[in-house]
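Chemist: Structure in C-alpha cells, see below.
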Amino acid sequence: MAQDAREPGKQELPTEEELTRAGLRLAVEGAVARITISRPERRNAMTGRTWTTLAHIGQALPGDVRIVVIAGEGDIFSAGIDLNMFTPEGVDGERSIVAGLADGSSDEADLDAYISELQQGFLWLRRPDLVTIAAVRGHAIGAGFQLALACDLRILADDAKFCMKEPALGLVPDLTGTKPLVDIVGVHRATEICLTARKVGAEESRELGLATLVVGVDELEGAVDDAVAGLLATNPDAAVATKALLQQAAGNTLQEQCAAERKAQVGRLTALAKAMAPDA
Ligand code: ACO
C-alpha cells in the first residue's frame, strides 16, 4: 500500500529528464519538498507518467522530508488529465487509455491494474510521516482537483476554481478524490458538485471546508511559507503520531479512538521520558 513509510536510500529520486518528461519539477531543501506541475503549454495537464513519477518521488524522498508542497506552474494548478490520453495515439509514447480496450490488446483486469498504478501517485500524499499542502492558483480540474484533495491542506489564491469534470466527460473520478470530497463536504454536496461538474470558487471552497485558507494571488507563496514554518515548529514525532491518530478517527468508535489515543500517548511519553533520562 502506498501509504507505507518510505524506505530512504532504497531508491533514487527521478532524474531531471524523468521529471521533465512527466511534466514535473522537484526541489528538496532540508525538510521541505516542493513539487511543481509544469506543462504550461498544456495548462499543466497531467499524464499517466505524471502520476507514476509522483509515486516514485514519494518512495524516494529523503527520510528528513516532513512537508510536501504541490503547486502548478504559472497561473493555473492543473487542467486535469491530458485529454490526449483518451485518443488512440495517447501522449508522447504513453499508452492510450482507450486504445487497448478498443483493439482488444488489453482487458478490464489490465485497465484496473493500470488505474491502481496511477492511484499510487495520489495515495502516498496521505502518509502520516508527511504533511502535504496543495497551493492552488486558478483552475484545478478533474485529476487536478483530486490531487489537491489528496493533500492534507489546500491553500487557495482567491482566483482558484475546483471542478470535478469527470462525469461531464462520461467518466467517474477515480484518482482517490471521492473519499476526501465526501469526508469534507458530505455526500449530498459532493453529489451536486460532481454531477453538475460546476466550478467551485475559492470563497465557496473556504465555506465548504475544501480550502484551509484563501488569500490574494500575490500572497499565496507567503501564506504557504507561513504554513510550512508553523508545521515545522511542531515536534516531528508528535506530528507523525497525531496525523496517524486523526486519520483513524472517522473510522473508529469513540472507545476505539480513546484506546488509540492512549496507545499513541504511551508511546510519546515513553520516548520523552527516555530522552530526559540522565544517561540519554
Ligand atoms: N488536456 C490537454 N490539453 C489541454 C488540456 C487538457 N486537459 N487543457 C488545456 N489544454 C491545452 C489546450 O488544448 C490548448 O492547447 P493549444 O494551445 O494547442 O490549443 C492549451 O492547453 C491552452 O488551453 P486553453 O483552453 O486555451 O486555456 P484557457 O486558459 O482558456 O482555459 C482551462 C484553461 C479552463 C483549463 C481549459 O483549457 C479547459 O477546460 N481544459 C480542459 C479541462 C478538462 O476537461 N480536463 C479533464 C478533466 S477529467 C480528468 O482530469 C480525469
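Residues in the C-alpha cells are named by chain (A, B, ... in the order shown) and by number from 1 within that chain; ligands are numbered from 1 in the order shown.
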Could the residues that lie within 7 Å of ligand 1, counting only C-alpha atoms and all ligand atoms, be listed as a list in words?

Modeler: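 After applying the 7 Å limit, what remains is Glu41, Arg42, Arg43, Ala45, Ser78, Ala79, Gly80, Ile81, Asp82, Leu83, Asn84, His139, Ile141, Gly142, Ala143, Gly144, Lys165, Glu166, Leu169 and Pro173 of chain A.
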
Chemist: Deliver the residues from the most recent selection as a file, using all heavy atoms, as a tab-separated table (two decimals), in the first residue's frame.

Modeler:
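To be explicit, this is the file written out as out-v8.tsv:
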```tsv
chain	number	residue	atom	x	y	z
A	41	GLU	N	2.30	24.83	-21.44
A	41	GLU	CA	1.70	24.90	-22.78
A	41	GLU	C	0.44	24.05	-22.86
A	41	GLU	O	-0.36	24.19	-23.79
A	41	GLU	CB	2.73	24.47	-23.85
A	41	GLU	CG	3.10	22.99	-23.90
A	41	GLU	CD	3.94	22.47	-22.73
A	41	GLU	OE1	4.32	23.29	-21.85
A	41	GLU	OE2	4.19	21.26	-22.66
A	42	ARG	N	0.22	23.15	-21.91
A	42	ARG	CA	-0.99	22.30	-21.84
A	42	ARG	C	-1.78	22.65	-20.58
A	42	ARG	O	-2.51	21.81	-20.06
A	42	ARG	CB	-0.62	20.81	-21.82
A	42	ARG	CG	-0.01	20.31	-23.06
A	42	ARG	CD	-1.07	19.72	-24.01
A	42	ARG	NE	-0.71	19.94	-25.39
A	42	ARG	CZ	-1.44	20.62	-26.28
A	42	ARG	NH1	-2.59	21.11	-25.97
A	42	ARG	NH2	-1.02	20.79	-27.51
A	43	ARG	N	-1.59	23.84	-20.08
A	43	ARG	CA	-2.28	24.29	-18.87
A	43	ARG	C	-2.05	23.30	-17.71
A	43	ARG	O	-2.94	22.98	-16.93
A	43	ARG	CB	-3.78	24.51	-19.11
A	43	ARG	CG	-4.11	25.35	-20.32
A	43	ARG	CD	-3.45	26.72	-20.31
A	43	ARG	NE	-4.22	27.71	-19.57
A	43	ARG	CZ	-3.69	28.59	-18.70
A	43	ARG	NH1	-2.40	28.57	-18.45
A	43	ARG	NH2	-4.44	29.47	-18.10
A	45	ALA	N	-1.76	20.18	-17.74
A	45	ALA	CA	-2.47	18.88	-17.83
A	45	ALA	C	-1.48	17.77	-17.50
A	45	ALA	O	-0.28	17.88	-17.78
A	45	ALA	CB	-3.05	18.69	-19.22
A	78	SER	N	-3.88	22.91	-12.35
A	78	SER	CA	-3.81	21.88	-13.40
A	78	SER	C	-5.15	21.75	-14.12
A	78	SER	O	-6.21	21.76	-13.49
A	78	SER	CB	-3.44	20.52	-12.81
A	78	SER	OG	-3.58	19.50	-13.81
A	79	ALA	N	-5.08	21.59	-15.45
A	79	ALA	CA	-6.28	21.34	-16.28
A	79	ALA	C	-6.70	19.87	-16.23
A	79	ALA	O	-7.51	19.44	-17.04
A	79	ALA	CB	-6.02	21.77	-17.71
A	80	GLY	N	-6.14	19.10	-15.29
A	80	GLY	CA	-6.57	17.70	-15.13
A	80	GLY	C	-5.82	16.77	-16.07
A	80	GLY	O	-4.71	17.06	-16.52
A	81	ILE	N	-6.45	15.66	-16.37
A	81	ILE	CA	-5.78	14.68	-17.24
A	81	ILE	C	-5.57	15.30	-18.62
A	81	ILE	O	-6.41	16.08	-19.09
A	81	ILE	CB	-6.59	13.37	-17.34
A	81	ILE	CG1	-5.73	12.25	-17.93
A	81	ILE	CG2	-7.87	13.57	-18.15
A	81	ILE	CD1	-6.37	10.87	-17.81
A	82	ASP	N	-4.45	14.96	-19.24
A	82	ASP	CA	-4.25	15.38	-20.62
A	82	ASP	C	-5.25	14.61	-21.47
A	82	ASP	O	-5.22	13.37	-21.54
A	82	ASP	CB	-2.80	15.05	-21.06
A	82	ASP	CG	-2.49	15.63	-22.42
A	82	ASP	OD1	-3.36	15.55	-23.32
A	82	ASP	OD2	-1.38	16.15	-22.60
A	83	LEU	N	-6.15	15.35	-22.10
A	83	LEU	CA	-7.27	14.71	-22.81
A	83	LEU	C	-6.77	13.85	-23.97
A	83	LEU	O	-7.50	12.96	-24.44
A	83	LEU	CB	-8.26	15.78	-23.29
A	83	LEU	CG	-9.01	16.46	-22.13
A	83	LEU	CD1	-9.74	17.72	-22.60
A	83	LEU	CD2	-9.99	15.50	-21.46
A	84	ASN	N	-5.52	14.05	-24.39
A	84	ASN	CA	-4.96	13.19	-25.44
A	84	ASN	C	-4.73	11.76	-24.95
A	84	ASN	O	-4.52	10.86	-25.76
A	84	ASN	CB	-3.67	13.79	-25.99
A	84	ASN	CG	-3.94	15.08	-26.72
A	84	ASN	OD1	-4.81	15.15	-27.58
A	84	ASN	ND2	-3.25	16.14	-26.33
A	139	HIS	N	-7.46	27.27	-12.12
A	139	HIS	CA	-8.24	26.03	-12.20
A	139	HIS	C	-7.50	24.82	-11.61
A	139	HIS	O	-6.30	24.66	-11.82
A	139	HIS	CB	-8.57	25.71	-13.66
A	139	HIS	CG	-9.65	26.57	-14.22
A	139	HIS	ND1	-9.40	27.72	-14.95
A	139	HIS	CD2	-11.00	26.45	-14.17
A	139	HIS	CE1	-10.54	28.27	-15.32
A	139	HIS	NE2	-11.54	27.53	-14.85
A	141	ILE	N	-8.80	21.17	-12.18
A	141	ILE	CA	-9.92	20.46	-12.82
A	141	ILE	C	-9.67	18.96	-12.75
A	141	ILE	O	-8.54	18.49	-12.96
A	141	ILE	CB	-10.06	20.91	-14.29
A	141	ILE	CG1	-10.32	22.42	-14.35
A	141	ILE	CG2	-11.19	20.16	-14.99
A	141	ILE	CD1	-10.50	22.98	-15.75
A	142	GLY	N	-10.73	18.20	-12.53
A	142	GLY	CA	-10.66	16.74	-12.61
A	142	GLY	C	-9.52	16.19	-11.75
A	142	GLY	O	-9.51	16.30	-10.53
A	143	ALA	N	-8.55	15.57	-12.43
A	143	ALA	CA	-7.41	14.99	-11.70
A	143	ALA	C	-6.67	16.06	-10.89
A	143	ALA	O	-6.06	15.75	-9.87
A	143	ALA	CB	-6.46	14.32	-12.68
A	144	GLY	N	-6.72	17.31	-11.35
A	144	GLY	CA	-6.08	18.40	-10.59
A	144	GLY	C	-6.80	18.62	-9.27
A	144	GLY	O	-6.17	18.81	-8.21
A	165	LYS	N	-14.72	17.42	-13.21
A	165	LYS	CA	-15.24	17.40	-14.58
A	165	LYS	C	-15.59	16.00	-15.08
A	165	LYS	O	-16.32	15.84	-16.08
A	165	LYS	CB	-14.14	18.01	-15.47
A	165	LYS	CG	-14.45	18.25	-16.92
A	165	LYS	CD	-15.28	19.49	-17.11
A	165	LYS	CE	-15.57	19.78	-18.58
A	165	LYS	NZ	-14.42	20.32	-19.29
A	166	GLU	N	-15.08	14.96	-14.42
A	166	GLU	CA	-15.15	13.60	-14.97
A	166	GLU	C	-16.55	13.19	-15.42
A	166	GLU	O	-16.73	12.70	-16.54
A	166	GLU	CB	-14.59	12.58	-13.95
A	166	GLU	CG	-13.08	12.61	-13.79
A	166	GLU	CD	-12.58	13.69	-12.84
A	166	GLU	OE1	-13.33	14.62	-12.52
A	166	GLU	OE2	-11.42	13.60	-12.42
A	169	LEU	N	-17.65	14.17	-18.71
A	169	LEU	CA	-16.94	13.54	-19.82
A	169	LEU	C	-17.30	12.05	-19.94
A	169	LEU	O	-16.66	11.31	-20.67
A	169	LEU	CB	-15.42	13.68	-19.62
A	169	LEU	CG	-14.88	15.11	-19.54
A	169	LEU	CD1	-13.39	15.11	-19.21
A	169	LEU	CD2	-15.14	15.86	-20.83
A	173	PRO	N	-14.73	10.10	-11.15
A	173	PRO	CA	-13.45	10.48	-10.53
A	173	PRO	C	-12.84	9.21	-9.92
A	173	PRO	O	-13.47	8.57	-9.08
A	173	PRO	CB	-13.85	11.46	-9.42
A	173	PRO	CG	-15.32	11.75	-9.62
A	173	PRO	CD	-15.89	10.61	-10.40
```

Chemist: Excluding same-chain residues fewer than 4 positions from segment 110-126 of chain A, what lies within 7 Å of it counting only C-alpha atoms, as an MDAnalysis selection string?

Modeler: chainID A and resid 2:3 48 51:52 54:55 58 106 132 147 150:151 175:176

Chemist: Take the residues from that selection and put them in a file with N, CA, C and O atoms, as a tab-separated table (two decimals), in the first residue's frame.

Modeler:
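File written: part_32.tsv
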```tsv
chain	number	residue	atom	x	y	z
A	2	ALA	N	0.53	2.23	-0.78
A	2	ALA	CA	1.41	3.37	-0.96
A	2	ALA	C	1.53	4.24	0.28
A	2	ALA	O	2.37	5.11	0.34
A	3	GLN	N	0.68	4.03	1.29
A	3	GLN	CA	0.81	4.86	2.48
A	3	GLN	C	1.91	4.36	3.41
A	3	GLN	O	2.19	4.97	4.42
A	48	GLY	N	-0.39	9.84	-17.41
A	48	GLY	CA	-0.09	8.69	-16.55
A	48	GLY	C	1.33	8.77	-16.00
A	48	GLY	O	1.58	8.45	-14.84
A	51	TRP	N	1.74	10.76	-12.86
A	51	TRP	CA	1.31	10.14	-11.59
A	51	TRP	C	2.25	9.00	-11.18
A	51	TRP	O	2.49	8.82	-9.98
A	52	THR	N	2.79	8.25	-12.15
A	52	THR	CA	3.74	7.21	-11.74
A	52	THR	C	5.03	7.88	-11.23
A	52	THR	O	5.67	7.38	-10.31
A	54	LEU	N	5.08	10.83	-9.71
A	54	LEU	CA	4.74	11.32	-8.36
A	54	LEU	C	4.92	10.19	-7.34
A	54	LEU	O	5.45	10.40	-6.25
A	55	ALA	N	4.44	8.99	-7.70
A	55	ALA	CA	4.60	7.85	-6.78
A	55	ALA	C	6.08	7.57	-6.52
A	55	ALA	O	6.49	7.31	-5.39
A	58	GLY	N	7.45	9.98	-4.08
A	58	GLY	CA	7.03	9.63	-2.72
A	58	GLY	C	7.88	8.53	-2.11
A	58	GLY	O	8.26	8.59	-0.94
A	106	SER	N	-5.81	-5.01	-24.54
A	106	SER	CA	-5.87	-5.03	-23.07
A	106	SER	C	-7.31	-5.33	-22.65
A	106	SER	O	-8.25	-5.10	-23.42
A	132	THR	N	1.14	17.35	3.66
A	132	THR	CA	1.14	17.74	2.25
A	132	THR	C	0.22	18.92	2.04
A	132	THR	O	-0.88	19.00	2.61
A	147	LEU	N	-5.94	15.75	-7.04
A	147	LEU	CA	-4.60	15.87	-6.46
A	147	LEU	C	-4.63	16.82	-5.26
A	147	LEU	O	-4.02	16.54	-4.23
A	150	ALA	N	-6.03	15.09	-2.33
A	150	ALA	CA	-5.16	14.09	-1.72
A	150	ALA	C	-4.25	14.72	-0.66
A	150	ALA	O	-3.66	14.01	0.15
A	151	CYS	N	-4.14	16.05	-0.70
A	151	CYS	CA	-3.25	16.74	0.25
A	151	CYS	C	-3.97	17.00	1.57
A	151	CYS	O	-5.20	17.05	1.64
A	175	LEU	N	-9.22	8.93	-9.13
A	175	LEU	CA	-7.84	9.13	-8.67
A	175	LEU	C	-7.84	9.52	-7.20
A	175	LEU	O	-7.24	10.50	-6.80
A	176	THR	N	-8.58	8.77	-6.43
A	176	THR	CA	-8.64	8.80	-4.95
A	176	THR	C	-9.38	10.02	-4.39
A	176	THR	O	-9.35	10.25	-3.19
```

Chemist: Identify which of the residues A:Leu220, A:Leu254, A:Val185, A:Ala31 lies closest to Ala71 of chain A, counting only C-alpha atoms when measuring atom-to-atom distances.

Modeler: A:Leu220

Chemist: Distance atom CA of Ala22 of chain A-atom CA of Ile70 of chain A, one decimal place?

Modeler: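 Calculated distance between atom CA of Ala22 of chain A and atom CA of Ile70 of chain A is 14.5 Å.
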
Chemist: Within segment 159-198 of chain A, find each residue whose DSSP state, derived from the backbone, is helix (DSSP H, G or I), and express the selection as a VMD selection string.

Modeler: chain A and resid 166 to 169 178 to 185 187 to 196

Chemist: Quick one: everything within 6 Å of Ala211 of chain A, counting only C-alpha atoms, minus sequence neighbours fewer than 6 positions away in the same chain. Send it as a list in words.

Modeler: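 Near Ala211 of chain A, the qualifying residues are Arg154, Ile155 and Ser205 of chain A.
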
Chemist: For the atom pair atom CA of Ala190 of chain A and atom CA of Lys243 of chain A, what is the interatomic distance in Å to one decimal place?

Modeler: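 A separation of 24.3 Å between them.
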
Chemist: Can you list, as a ChimeraX atom specification, every protein, DNA or RNA residue that comes within 9 Å of segment 236-239 of chain A when you count only C-alpha atoms, leaving out same-chain residues fewer than 4 positions away?

Modeler: /A:66,128-131,231-232,243-244,268

Chemist: Give me every strand (DSSP E) residue in segment 54-229 of chain A, going by DSSP on the backbone, as a list in words.

Modeler: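 Those residues are Ile67, Val68, Val69, Ile70, Ala71, Gly72, Val131, Thr132, Ile133, Ala134, Ala135, Val136, His139, Ala140, Ile141, Leu153, Arg154, Ile155, Leu156, Ala157, Lys161, Phe162, Cys163, Lys199, Val200, Gly201, Leu213, Val214 and Val215 of chain A.
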
Chemist: So, with only C-alpha atoms as the atoms that count, which of A:Gln257, A:Glu73, A:Ser96, A:Asn235 lies closest to Leu272 of chain A?

Modeler: A:Asn235

Chemist: May I ask for the distance between atom CA of Leu24 of chain A and atom CA of Gly138 of chain A, given in Å to one decimal place?

Modeler: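 Taking atom CA of Leu24 of chain A and atom CA of Gly138 of chain A, their separation equals 17.8 Å.
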